[in-house]
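Q: Supplied structure: my_file_7.cif, mmCIF, C-alpha atoms.
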data_target
#
loop_
_atom_site.label_atom_id
_atom_site.label_comp_id
_atom_site.auth_asym_id
_atom_site.auth_seq_id
_atom_site.Cartn_x
_atom_site.Cartn_y
_atom_site.Cartn_z
CA MET Y 8 0.00 0.00 0.00
CA LYS Y 9 1.47 3.31 -1.02
CA LEU Y 10 0.42 6.24 1.11
CA HIS Y 11 0.71 9.70 -0.36
CA ARG Y 12 2.97 11.92 1.66
CA ILE Y 13 0.29 14.46 2.50
CA THR Y 14 -1.92 11.61 3.79
CA THR Y 15 0.89 10.35 6.03
CA VAL Y 16 1.52 13.84 7.42
CA ALA Y 17 -2.22 14.26 8.00
CA LEU Y 18 -2.24 10.90 9.80
CA ALA Y 19 0.65 12.05 12.03
CA MET Y 20 -1.27 15.24 12.87
CA ALA Y 21 -4.36 13.12 13.58
CA ALA Y 22 -2.28 10.92 15.89
CA LEU Y 23 -1.14 14.04 17.76
CA VAL Y 24 -4.76 15.17 18.12
CA VAL Y 25 -5.81 11.70 19.32
CA GLY Y 26 -2.97 11.61 21.86
CA ILE Y 27 -3.98 15.05 23.15
CA THR Y 28 -7.72 14.36 23.36
CA MET Y 29 -7.15 11.07 25.19
CA ARG Y 30 -6.16 13.15 28.22
CA GLY Y 31 -8.03 16.43 27.87
CA HIS Y 32 -9.62 19.04 25.66
CA LEU Y 33 -8.09 19.96 22.32
CA LEU Y 34 -9.32 23.54 22.69
CA ILE Y 35 -6.67 24.47 25.28
CA PHE Y 36 -4.05 23.88 22.57
CA ILE Y 37 -5.55 26.45 20.20
CA ASP Y 38 -4.62 30.06 20.84
CA PRO Y 39 -4.77 32.38 17.80
CA ILE Y 40 -2.21 34.91 19.06
CA SER Y 41 0.30 32.18 19.88
CA ILE Y 42 -0.28 30.52 16.50
CA GLY Y 43 0.31 33.83 14.70
CA LEU Y 44 3.50 34.54 16.68
CA ALA Y 45 4.86 31.02 16.37
CA THR Y 46 4.40 30.82 12.59
CA LEU Y 47 5.06 34.40 11.41
CA ALA Y 48 8.19 35.28 13.42
CA PRO Y 49 10.31 32.32 12.25
CA MET Y 50 9.26 33.00 8.63
CA LEU Y 51 10.34 36.62 8.97
CA MET Y 52 13.66 35.51 10.48
CA MET Y 53 14.12 33.16 7.53
CA VAL Y 54 13.73 36.16 5.22
CA VAL Y 55 16.24 38.05 7.38
CA THR Y 56 18.71 35.15 7.18
CA HIS Y 57 18.30 33.78 3.66
CA GLY Y 58 16.61 36.65 1.80
CA ARG Y 59 14.86 35.80 -1.44
CA ARG Y 60 16.11 32.22 -1.34
CA SER Y 61 13.65 31.47 1.47
CA ALA Y 62 10.97 31.37 -1.27
CA ASP Y 63 12.74 28.21 -2.47
CA LEU Y 64 12.06 26.67 0.93
CA ALA Y 65 8.34 27.52 0.76
CA ARG Y 66 8.21 25.95 -2.72
CA ALA Y 67 10.14 22.90 -1.48
CA VAL Y 68 7.75 22.39 1.46
CA GLY Y 69 4.75 22.48 -0.90
CA ALA Y 70 6.46 20.15 -3.37
CA TRP Y 71 7.41 17.74 -0.56
CA LEU Y 72 3.84 17.62 0.76
CA MET Y 73 2.30 17.03 -2.67
CA GLY Y 74 5.04 14.61 -3.77
CA ARG Y 75 6.10 16.90 -6.66
CA ASP Y 76 9.57 17.74 -7.90
CA SER Y 77 10.94 20.68 -5.92
CA GLY Y 78 12.85 22.18 -8.86
CA ALA Y 79 16.22 21.62 -7.20
CA THR Y 80 18.36 19.63 -9.59
CA ASP Y 81 21.95 19.28 -8.38
CA PRO Y 82 23.09 18.10 -4.91
CA ALA Y 83 24.17 21.64 -3.98
CA ALA Y 84 20.63 22.98 -4.50
CA HIS Y 85 19.16 20.11 -2.46
CA ARG Y 86 21.68 20.80 0.28
CA ALA Y 87 20.77 24.51 0.30
CA VAL Y 88 17.08 23.62 0.78
CA ALA Y 89 18.00 21.16 3.55
CA VAL Y 90 20.01 23.81 5.39
CA MET Y 91 17.15 26.34 5.11
CA ALA Y 92 14.61 23.78 6.38
CA ARG Y 93 16.84 23.01 9.36
CA ASP Y 94 17.24 26.73 10.10
CA TYR Y 95 13.46 27.23 9.90
CA GLY Y 96 12.84 24.51 12.48
CA GLN Y 97 15.53 25.84 14.81
CA TYR Y 98 14.17 29.38 14.49
CA ALA Y 99 10.68 28.06 15.30
CA VAL Y 100 11.85 26.46 18.54
CA VAL Y 101 13.96 29.41 19.73
CA ASN Y 102 11.13 31.79 18.83
CA GLY Y 103 8.78 29.63 20.90
CA CYS Y 104 11.15 29.95 23.88
CA ILE Y 105 11.29 33.75 23.51
CA CYS Y 106 7.49 34.00 23.35
CA ALA Y 107 7.19 31.72 26.38
CA LEU Y 108 9.57 33.98 28.32
CA ILE Y 109 7.42 36.98 27.30
CA GLY Y 110 4.37 35.12 28.59
CA HIS Y 111 6.07 34.25 31.88
CA VAL Y 112 7.23 37.83 32.50
CA MET Y 113 3.77 39.21 31.65
CA MET Y 114 2.24 36.71 34.04
CA LEU Y 115 4.62 37.65 36.86
CA GLN Y 116 3.46 41.28 36.57
CA ASN Y 117 -0.07 40.12 37.16
CA MET Y 118 -0.03 37.66 40.06
CA SER Y 119 -3.07 38.98 41.93
CA ASP Y 120 -5.38 36.15 40.87
CA PRO Y 121 -3.88 32.73 41.78
CA ASN Y 122 -6.56 30.90 39.78
CA ALA Y 123 -5.44 32.58 36.57
CA ILE Y 124 -1.79 31.45 36.95
CA GLY Y 125 -2.26 27.90 35.67
CA PRO Y 126 -3.96 28.80 32.36
CA ALA Y 127 -1.50 31.69 31.86
CA LEU Y 128 1.43 29.28 32.27
CA ALA Y 129 -0.21 26.86 29.83
CA VAL Y 130 -0.67 29.58 27.20
CA SER Y 131 2.95 30.70 27.66
CA LEU Y 132 4.20 27.19 26.89
CA LEU Y 133 1.96 26.87 23.81
CA THR Y 134 4.40 28.76 21.57
CA ILE Y 135 7.17 26.25 22.36
CA PHE Y 136 4.71 23.49 21.56
CA TYR Y 137 3.92 25.07 18.16
CA GLY Y 138 7.63 25.54 17.49
CA PHE Y 139 8.31 21.84 18.01
CA ILE Y 140 5.26 20.89 15.91
CA ILE Y 141 6.68 22.98 13.04
CA GLN Y 142 10.03 21.27 13.46
CA LEU Y 143 8.50 17.78 13.71
CA VAL Y 144 6.03 18.01 10.84
CA VAL Y 145 7.70 20.42 8.39
CA ALA Y 146 11.32 21.34 9.03
CA VAL Y 147 13.07 18.07 9.87
CA PRO Y 148 11.20 15.94 7.29
CA VAL Y 149 11.88 18.42 4.45
CA SER Y 150 15.50 18.75 5.54
CA HIS Y 151 15.98 14.95 5.67
CA HIS Y 152 14.18 14.49 2.35
CA HIS Y 153 16.54 16.89 0.59
CA LEU Y 154 19.63 15.57 2.38
CA ALA Y 155 18.69 12.12 1.08
CA LEU Y 156 18.27 13.52 -2.45
CA ALA Y 157 21.68 15.22 -2.13
CA GLY Y 158 23.24 11.89 -1.13
CA ALA Y 159 24.45 13.23 2.22
CA SER Y 160 26.31 10.96 4.63
CA PRO Y 161 24.11 9.37 7.34
CA ASP Y 162 25.82 11.34 10.10
CA GLU Y 163 24.48 14.63 8.73
CA PHE Y 164 20.91 13.45 9.35
CA ALA Y 165 21.54 13.43 13.09
CA HIS Y 166 22.04 17.20 13.27
CA GLN Y 167 18.82 18.57 11.73
CA GLY Y 168 16.69 18.62 14.87
CA PRO Y 169 16.73 21.02 17.84
CA SER Y 170 20.22 22.03 18.93
CA LEU Y 171 21.37 21.39 22.50
CA ARG Y 172 21.21 25.15 23.13
CA ALA Y 173 17.53 25.23 22.12
CA LEU Y 174 16.76 22.19 24.27
CA GLY Y 175 18.44 23.95 27.19
CA LEU Y 176 16.18 26.96 26.68
CA VAL Y 177 13.12 24.70 26.59
CA GLY Y 178 14.20 22.99 29.79
CA PHE Y 179 14.78 26.35 31.44
CA ASN Y 180 11.30 27.52 30.42
CA ALA Y 181 9.59 24.34 31.60
CA GLY Y 182 11.49 24.41 34.88
CA MET Y 183 10.70 28.07 35.50
CA SER Y 184 6.99 27.54 34.83
CA PHE Y 185 7.02 24.60 37.23
CA LEU Y 186 8.68 26.76 39.90
CA MET Y 187 6.07 29.48 39.38
CA MET Y 188 3.34 26.89 39.79
CA LEU Y 189 4.90 25.75 43.08
CA ALA Y 190 5.24 29.36 44.26
CA VAL Y 191 1.54 29.95 43.68
CA MET Y 192 0.15 26.60 44.80
CA ASP Y 193 2.28 25.91 47.86
CA PRO Y 194 1.21 22.24 47.73
CA TRP Y 195 3.12 21.32 50.93
CA ASP Y 196 1.18 23.78 53.03
CA MET H 4 21.53 -15.34 14.75
CA LYS H 5 23.78 -13.51 17.13
CA LEU H 6 22.60 -15.05 20.38
CA MET H 7 24.94 -13.03 22.59
CA ARG H 8 23.52 -9.72 21.31
CA ILE H 9 19.93 -10.89 21.73
CA ALA H 10 20.72 -12.02 25.26
CA ALA H 11 22.34 -8.65 26.02
CA LEU H 12 19.31 -6.71 24.74
CA LEU H 13 16.90 -8.92 26.70
CA SER H 14 19.04 -8.43 29.82
CA THR H 15 18.95 -4.63 29.33
CA VAL H 16 15.17 -4.67 29.01
CA GLY H 17 15.01 -7.00 31.98
CA LEU H 18 17.14 -4.63 34.05
CA LEU H 19 14.84 -1.70 33.18
CA VAL H 20 11.72 -3.73 33.99
CA LEU H 21 13.32 -4.87 37.27
CA ALA H 22 14.10 -1.26 38.17
CA ILE H 23 10.47 -0.33 37.48
CA ALA H 24 9.00 -3.34 39.27
CA HIS H 25 11.26 -2.72 42.26
CA GLY H 26 9.51 0.55 43.08
CA SER H 27 6.02 0.23 41.60
CA THR H 28 3.89 -1.81 39.25
CA VAL H 29 4.89 -1.97 35.59
CA LEU H 30 1.33 -1.00 34.67
CA ILE H 31 1.81 2.69 35.46
CA PHE H 32 4.47 2.83 32.73
CA ILE H 33 1.94 1.78 30.10
CA ASP H 34 -0.03 4.77 28.79
CA PRO H 35 -1.93 4.61 25.47
CA ALA H 36 -1.86 8.40 24.95
CA SER H 37 1.95 8.44 25.21
CA VAL H 38 2.18 5.48 22.81
CA VAL H 39 0.15 7.45 20.26
CA LEU H 40 2.16 10.63 20.85
CA VAL H 41 5.67 9.16 20.49
CA PRO H 42 6.10 5.82 18.66
CA VAL H 43 3.12 6.26 16.34
CA VAL H 44 3.90 9.87 15.39
CA CYS H 45 7.59 9.00 15.00
CA ALA H 46 6.80 6.07 12.67
CA LEU H 47 4.38 8.14 10.56
CA MET H 48 6.89 10.98 10.13
CA LEU H 49 9.60 8.46 9.18
CA VAL H 50 7.28 7.08 6.49
CA ALA H 51 6.43 10.61 5.29
CA THR H 52 10.13 11.48 5.01
CA HIS H 53 11.70 8.38 3.50
CA GLY H 54 8.72 6.48 2.06
CA GLY H 55 7.09 3.37 3.51
CA SER H 56 9.08 0.72 1.61
CA ALA H 57 12.45 2.34 2.39
CA VAL H 58 11.62 2.57 6.10
CA ARG H 59 10.42 -1.04 6.19
CA SER H 60 13.51 -2.42 4.46
CA ALA H 61 15.84 -0.22 6.52
CA LEU H 62 14.26 -1.47 9.77
CA ARG H 63 14.46 -5.06 8.54
CA ASP H 64 18.09 -4.69 7.44
CA GLY H 65 18.98 -2.83 10.62
CA LEU H 66 17.53 -5.51 12.90
CA ALA H 67 19.06 -8.25 10.76
CA GLY H 68 22.41 -6.44 10.90
CA VAL H 69 22.33 -6.17 14.68
CA PHE H 70 20.76 -9.51 15.57
CA GLY H 71 20.48 -11.63 12.42
CA ARG H 72 22.69 -13.14 9.74
CA LEU H 73 23.03 -10.03 7.57
CA ASP H 74 26.59 -8.68 7.44
CA LEU H 75 26.22 -4.94 6.76
CA THR H 76 29.97 -4.56 6.12
CA GLN H 77 29.38 -6.47 2.88
CA GLU H 78 26.44 -4.22 1.90
CA PRO H 79 27.55 -0.56 2.09
CA ASP H 80 24.41 0.75 0.33
CA ARG H 81 22.06 -0.98 2.73
CA ALA H 82 24.24 0.07 5.68
CA ARG H 83 23.94 3.71 4.56
CA ARG H 84 20.16 3.46 4.31
CA VAL H 85 19.90 1.85 7.74
CA ALA H 86 22.08 4.56 9.31
CA THR H 87 20.10 7.31 7.54
CA VAL H 88 16.68 6.04 8.65
CA ALA H 89 17.92 5.34 12.19
CA ASN H 90 19.39 8.84 12.52
CA SER H 91 16.09 10.27 11.23
CA GLY H 92 14.22 8.16 13.75
CA MET H 93 16.41 9.47 16.58
CA ASN H 94 15.54 13.06 15.59
CA PHE H 95 11.81 12.38 15.27
CA SER H 96 11.48 10.44 18.52
CA LEU H 97 13.43 13.12 20.40
CA ILE H 98 11.16 15.90 19.10
CA ALA H 99 8.01 13.81 19.65
CA GLY H 100 9.16 13.19 23.22
CA VAL H 101 9.54 16.92 23.88
CA VAL H 102 6.15 17.61 22.24
CA GLY H 103 4.52 14.96 24.44
CA GLY H 104 6.15 16.39 27.55
CA LEU H 105 4.88 19.87 26.65
CA VAL H 106 1.39 18.46 26.02
CA GLY H 107 1.37 16.90 29.48
CA LEU H 108 2.74 20.07 31.10
CA ILE H 109 0.16 22.31 29.39
CA GLN H 110 -2.68 19.98 30.33
CA MET H 111 -1.44 19.90 33.91
CA PHE H 112 -1.30 23.70 34.14
CA GLN H 113 -4.84 23.92 32.78
CA SER H 114 -6.18 21.78 35.62
CA LEU H 115 -4.29 23.17 38.60
CA SER H 116 -7.42 23.45 40.72
CA ASP H 117 -7.00 19.89 42.00
CA PRO H 118 -3.57 19.61 43.72
CA SER H 119 -3.83 15.84 44.18
CA ALA H 120 -4.07 15.38 40.39
CA ILE H 121 -0.78 17.17 39.71
CA GLY H 122 1.49 14.23 40.59
CA PRO H 123 -0.13 11.68 38.26
CA ALA H 124 -0.50 14.28 35.45
CA MET H 125 3.19 15.14 35.73
CA ALA H 126 4.11 11.44 35.68
CA VAL H 127 2.16 10.95 32.48
CA ALA H 128 3.88 13.99 30.96
CA LEU H 129 7.24 12.36 31.67
CA LEU H 130 6.17 9.02 30.14
CA THR H 131 6.42 10.41 26.58
CA ALA H 132 10.03 11.41 27.25
CA PHE H 133 10.56 7.92 28.71
CA TYR H 134 9.19 6.26 25.56
CA ALA H 135 11.27 8.54 23.32
CA ALA H 136 14.44 7.75 25.27
CA CYS H 137 13.65 4.02 25.17
CA LEU H 138 13.12 4.15 21.38
CA VAL H 139 16.50 5.83 20.92
CA PHE H 140 18.31 3.68 23.48
CA LEU H 141 16.96 0.25 22.54
CA LEU H 142 16.20 0.58 18.82
CA PHE H 143 17.55 3.52 16.82
CA MET H 144 20.94 3.98 18.44
CA PRO H 145 22.07 0.32 18.16
CA MET H 146 20.88 0.27 14.52
CA ALA H 147 22.57 3.56 13.60
CA ARG H 148 25.88 2.85 15.36
CA ASN H 149 26.08 -0.70 14.07
CA ALA H 150 25.44 0.48 10.50
CA ALA H 151 27.86 3.40 10.87
CA ILE H 152 30.71 1.02 11.67
CA ALA H 153 29.75 -1.07 8.65
CA ASP H 154 29.58 1.91 6.29
#
Please render this file's structure as structure tokens.

A:
Amino acid sequence: MKLHRITTVALAMAALVVGITMRGHLLIFIDPISIGLATLAPMLMMVVTHGRRSADLARAVGAWLMGRDSGATDPAAHRAVAVMARDYGQYAVVNGCICALIGHVMMLQNMSDPNAIGPALAVSLLTIFYGFIIQLVVAVPVSHHHLALAGASPDEFAHQGPSLRALGLVGFNAGMSFLMMLAVMDPWD
Amino acid sequence: MKLMRIAALLSTVGLLVLAIAHGSTVLIFIDPASVVLVPVVCALMLVATHGGSAVRSALRDGLAGVFGRLDLTQEPDRARRVATVANSGMNFSLIAGVVGGLVGLIQMFQSLSDPSAIGPAMAVALLTAFYAACLVFLLFMPMARNAAIAD
């Protein structure tokens, strides 16, 4: 059975939704402002970094999803797309961390209502969540696809995901939000 | 068949299960939502990236190279494909593990009103990271490293 790529990606998204709804509501994972921030800012940073060539990445993502030819012909062009896809994913994660820090600082200014802390923390972490979804569903697959087309050595495939620096930022954010929760809840009272 | 390697893997799994059973029941480490969030998503993204037949043959060759009769040093092309797919799988399971952890954390923060529910919710959030680490440790890393030596 041959699954089209877009079907497989849709199935992966559906699996994510199923995994989320098995434990709680899907609605808490949808926040328009966070979605706008998490998708637009990394795209803008891609334009800052790679200029007009970032249009090649957008074309390559569409071509990858629909199973079309991306227009890149030689290994160097494939490698350029792979590098841009990797950068996009890494920007998405770091951007998520920045937005989460913004959310945390905004929340700390506004600690009068203890009941509002939990949802505020959850919304702060949403941007990191979106960043990793972008990396999981778009950036790393496109990067690996084009590395494979360029005939890259297997070792290169290991370095397309989140960098250790980004993972450190994520850990810092998660730990800080946990500490804030403890500060508000005082569960050992 | 490389019986020593199979015995070593089974002993590793046994050690992990012993460590779990020593402190609690194994049942609390089985969570359907985490299974959907990490191994299933990881497998689907592998198929979307490399194509179903390539992933299937790479997994088969990889397992045969580690445990079976296949000698990957004689098959550089297949060794490359195994290492490629295994490295991809490491990336995807790592990211899926972080996503699952964030899902658990966000869901926990949304239901802070019940303090007694925080412990179990946090434990479930960590299970996705546990599954991701187990996938890397027991499956993808042996396959990738074994194939990398062969390549």

Q: Go through range 56-139 of chain Y and flag each residue having an atom no more than 9 Å from range 115-129 of chain H; for those, report the closest pair of atoms plus their distance in Å to one decimal, using all atoms listed in the file, ordered by chain and rising number, as JSON lines.

A:
{"residue": "Y:Asn122", "atom": "CA", "partner": "H:Ser116", "partner_atom": "CA", "distance": 7.6}
{"residue": "Y:Ile124", "atom": "CA", "partner": "H:Leu115", "partner_atom": "CA", "distance": 8.8}
{"residue": "Y:Gly125", "atom": "CA", "partner": "H:Leu115", "partner_atom": "CA", "distance": 5.9}
{"residue": "Y:Pro126", "atom": "CA", "partner": "H:Leu115", "partner_atom": "CA", "distance": 8.4}

Q: Write a file of the selected residues as a short mmCIF file (atom, residue, chain, number, x, y, z; two decimals), keeping the file's coordinate frame, keeping C-alpha atoms.

A:
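Printed below is part04.cif as written:
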data_model
loop_
_atom_site.label_atom_id
_atom_site.label_comp_id
_atom_site.auth_asym_id
_atom_site.auth_seq_id
_atom_site.Cartn_x
_atom_site.Cartn_y
_atom_site.Cartn_z
CA ASN Y 122 -6.56 30.90 39.78
CA ILE Y 124 -1.79 31.45 36.95
CA GLY Y 125 -2.26 27.90 35.67
CA PRO Y 126 -3.96 28.80 32.36
#

Q: For each of H:Phe70, H:Phe112, H:Phe133, H:Phe32, take the minimum atom-to-atom distance to chain Y, counting all atoms listed in the file, then give the residue where this is smallest.

A: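 For chain Y, the nearest of the candidates is H:Phe112.
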
Q: Under the rule that all atoms listed in the file are counted, which of Y:Gly175, Y:Gly69, Y:Gly168, Y:Gly96 is the nearest residue to chain H?

A: Y:Gly168

Q: Tell me the residues of chain H close to chain Y, meaning within 6 Å using all atoms listed in the file, as a count of residues only.

A: 15

Q: Rank Y:Ile42, Y:Ala157, Y:Leu51, Y:Leu64 by their smallest atom-to-atom distance to His85 in chain Y, using all atoms listed in the file, and report the top residue only.

A: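 Comparing Y:Ile42, Y:Ala157, Y:Leu51, Y:Leu64 against His85 in chain Y, the winner is Y:Ala157.
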
Q: Find the distance between CA of Val85 in chain H and CA of Gly65 in chain H and write it in Å to one decimal.

A: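 Computed distance, CA of Val85 in chain H to CA of Gly65 in chain H, equals 5.6 Å.
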
Q: CA of Ser37 in chain H and CA of Gly107 in chain H, how far apart in Å?

A: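 Separation between CA of Gly107 in chain H and CA of Ser37 in chain H: 9.5 Å.
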
Q: What separation in Å, quoted to one decimal, exists between CA of Phe143 in chain H and CA of Ala89 in chain H?

A: 5.0 Å

Q: Could you tell me, as a PDB file with C-alpha atoms, in the coordinates of the input, exactly which residues end up selected when the PyMOL selection byres ((chain Y and resi 106) around 8) is applied to this structure?

A:
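Below is the file that was written, result-v9.pdb:
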ATOM      1  CA  LEU Y  44       3.500  34.540  16.680  1.00  0.00           C
ATOM      2  CA  ASN Y 102      11.130  31.790  18.830  1.00  0.00           C
ATOM      3  CA  GLY Y 103       8.780  29.630  20.900  1.00  0.00           C
ATOM      4  CA  CYS Y 104      11.150  29.950  23.880  1.00  0.00           C
ATOM      5  CA  ILE Y 105      11.290  33.750  23.510  1.00  0.00           C
ATOM      6  CA  ALA Y 107       7.190  31.720  26.380  1.00  0.00           C
ATOM      7  CA  LEU Y 108       9.570  33.980  28.320  1.00  0.00           C
ATOM      8  CA  ILE Y 109       7.420  36.980  27.300  1.00  0.00           C
ATOM      9  CA  GLY Y 110       4.370  35.120  28.590  1.00  0.00           C
ATOM     10  CA  SER Y 131       2.950  30.700  27.660  1.00  0.00           C
ATOM     11  CA  THR Y 134       4.400  28.760  21.570  1.00  0.00           C
ATOM     12  CA  ILE Y 135       7.170  26.250  22.360  1.00  0.00           C
TER      13      ILE Y 135
END

Q: Can you take the partial range 149-176 of chain Y, add N, CA and C atoms, and return it as a PDB file, keeping the file's coordinate frame?

A:
ATOM      1  N   VAL Y 149      11.437  17.819   5.718  1.00  0.00           N
ATOM      2  CA  VAL Y 149      11.880  18.420   4.450  1.00  0.00           C
ATOM      3  C   VAL Y 149      13.405  18.399   4.380  1.00  0.00           C
ATOM      4  N   SER Y 150      14.042  18.739   5.505  1.00  0.00           N
ATOM      5  CA  SER Y 150      15.500  18.750   5.540  1.00  0.00           C
ATOM      6  C   SER Y 150      16.067  17.345   5.246  1.00  0.00           C
ATOM      7  N   HIS Y 151      15.488  16.326   5.894  1.00  0.00           N
ATOM      8  CA  HIS Y 151      15.980  14.950   5.670  1.00  0.00           C
ATOM      9  C   HIS Y 151      15.711  14.498   4.245  1.00  0.00           C
ATOM     10  N   HIS Y 152      14.527  14.862   3.720  1.00  0.00           N
ATOM     11  CA  HIS Y 152      14.180  14.490   2.350  1.00  0.00           C
ATOM     12  C   HIS Y 152      15.226  15.025   1.377  1.00  0.00           C
ATOM     13  N   HIS Y 153      15.598  16.296   1.544  1.00  0.00           N
ATOM     14  CA  HIS Y 153      16.540  16.890   0.590  1.00  0.00           C
ATOM     15  C   HIS Y 153      17.969  16.449   0.858  1.00  0.00           C
ATOM     16  N   LEU Y 154      18.309  16.149   2.112  1.00  0.00           N
ATOM     17  CA  LEU Y 154      19.630  15.570   2.380  1.00  0.00           C
ATOM     18  C   LEU Y 154      19.755  14.217   1.690  1.00  0.00           C
ATOM     19  N   ALA Y 155      18.667  13.424   1.735  1.00  0.00           N
ATOM     20  CA  ALA Y 155      18.690  12.120   1.080  1.00  0.00           C
ATOM     21  C   ALA Y 155      18.863  12.290  -0.430  1.00  0.00           C
ATOM     22  N   LEU Y 156      18.142  13.289  -1.003  1.00  0.00           N
ATOM     23  CA  LEU Y 156      18.270  13.520  -2.450  1.00  0.00           C
ATOM     24  C   LEU Y 156      19.677  13.995  -2.804  1.00  0.00           C
ATOM     25  N   ALA Y 157      20.333  14.724  -1.863  1.00  0.00           N
ATOM     26  CA  ALA Y 157      21.680  15.220  -2.130  1.00  0.00           C
ATOM     27  C   ALA Y 157      22.724  14.141  -1.902  1.00  0.00           C
ATOM     28  N   GLY Y 158      22.284  12.953  -1.404  1.00  0.00           N
ATOM     29  CA  GLY Y 158      23.240  11.890  -1.130  1.00  0.00           C
ATOM     30  C   GLY Y 158      24.163  12.203   0.030  1.00  0.00           C
ATOM     31  N   ALA Y 159      23.623  12.862   1.072  1.00  0.00           N
ATOM     32  CA  ALA Y 159      24.450  13.230   2.220  1.00  0.00           C
ATOM     33  C   ALA Y 159      24.831  11.989   3.022  1.00  0.00           C
ATOM     34  N   SER Y 160      25.898  12.098   3.799  1.00  0.00           N
ATOM     35  CA  SER Y 160      26.310  10.960   4.630  1.00  0.00           C
ATOM     36  C   SER Y 160      25.342  10.823   5.806  1.00  0.00           C
ATOM     37  N   PRO Y 161      25.111   9.583   6.290  1.00  0.00           N
ATOM     38  CA  PRO Y 161      24.110   9.370   7.340  1.00  0.00           C
ATOM     39  C   PRO Y 161      24.309  10.241   8.575  1.00  0.00           C
ATOM     40  N   ASP Y 162      25.572  10.555   8.892  1.00  0.00           N
ATOM     41  CA  ASP Y 162      25.820  11.340  10.100  1.00  0.00           C
ATOM     42  C   ASP Y 162      25.158  12.708  10.048  1.00  0.00           C
ATOM     43  N   GLU Y 163      25.042  13.283   8.834  1.00  0.00           N
ATOM     44  CA  GLU Y 163      24.480  14.630   8.730  1.00  0.00           C
ATOM     45  C   GLU Y 163      23.010  14.648   9.158  1.00  0.00           C
ATOM     46  N   PHE Y 164      22.334  13.485   9.015  1.00  0.00           N
ATOM     47  CA  PHE Y 164      20.910  13.450   9.350  1.00  0.00           C
ATOM     48  C   PHE Y 164      20.683  13.649  10.852  1.00  0.00           C
ATOM     49  N   ALA Y 165      21.724  13.365  11.640  1.00  0.00           N
ATOM     50  CA  ALA Y 165      21.540  13.430  13.090  1.00  0.00           C
ATOM     51  C   ALA Y 165      21.485  14.868  13.590  1.00  0.00           C
ATOM     52  N   HIS Y 166      21.888  15.836  12.756  1.00  0.00           N
ATOM     53  CA  HIS Y 166      22.040  17.200  13.270  1.00  0.00           C
ATOM     54  C   HIS Y 166      21.000  18.172  12.725  1.00  0.00           C
ATOM     55  N   GLN Y 167      19.832  17.676  12.311  1.00  0.00           N
ATOM     56  CA  GLN Y 167      18.820  18.570  11.730  1.00  0.00           C
ATOM     57  C   GLN Y 167      17.753  18.966  12.726  1.00  0.00           C
ATOM     58  N   GLY Y 168      17.737  18.337  13.891  1.00  0.00           N
ATOM     59  CA  GLY Y 168      16.690  18.620  14.870  1.00  0.00           C
ATOM     60  C   GLY Y 168      17.032  19.820  15.749  1.00  0.00           C
ATOM     61  N   PRO Y 169      16.424  19.903  16.938  1.00  0.00           N
ATOM     62  CA  PRO Y 169      16.730  21.020  17.840  1.00  0.00           C
ATOM     63  C   PRO Y 169      18.167  20.920  18.336  1.00  0.00           C
ATOM     64  N   SER Y 170      18.854  22.051  18.418  1.00  0.00           N
ATOM     65  CA  SER Y 170      20.220  22.030  18.930  1.00  0.00           C
ATOM     66  C   SER Y 170      20.171  21.892  20.450  1.00  0.00           C
ATOM     67  N   LEU Y 171      21.302  21.534  21.038  1.00  0.00           N
ATOM     68  CA  LEU Y 171      21.370  21.390  22.500  1.00  0.00           C
ATOM     69  C   LEU Y 171      21.056  22.717  23.179  1.00  0.00           C
ATOM     70  N   ARG Y 172      21.509  23.831  22.558  1.00  0.00           N
ATOM     71  CA  ARG Y 172      21.210  25.150  23.130  1.00  0.00           C
ATOM     72  C   ARG Y 172      19.703  25.365  23.229  1.00  0.00           C
ATOM     73  N   ALA Y 173      18.979  25.032  22.122  1.00  0.00           N
ATOM     74  CA  ALA Y 173      17.530  25.230  22.120  1.00  0.00           C
ATOM     75  C   ALA Y 173      16.866  24.349  23.169  1.00  0.00           C
ATOM     76  N   LEU Y 174      17.346  23.084  23.278  1.00  0.00           N
ATOM     77  CA  LEU Y 174      16.760  22.190  24.270  1.00  0.00           C
ATOM     78  C   LEU Y 174      17.000  22.715  25.678  1.00  0.00           C
ATOM     79  N   GLY Y 175      18.179  23.341  25.891  1.00  0.00           N
ATOM     80  CA  GLY Y 175      18.440  23.950  27.190  1.00  0.00           C
ATOM     81  C   GLY Y 175      17.455  25.059  27.496  1.00  0.00           C
ATOM     82  N   LEU Y 176      17.171  25.888  26.498  1.00  0.00           N
ATOM     83  CA  LEU Y 176      16.180  26.960  26.680  1.00  0.00           C
ATOM     84  C   LEU Y 176      14.814  26.392  27.025  1.00  0.00           C
TER      85      LEU Y 176
END
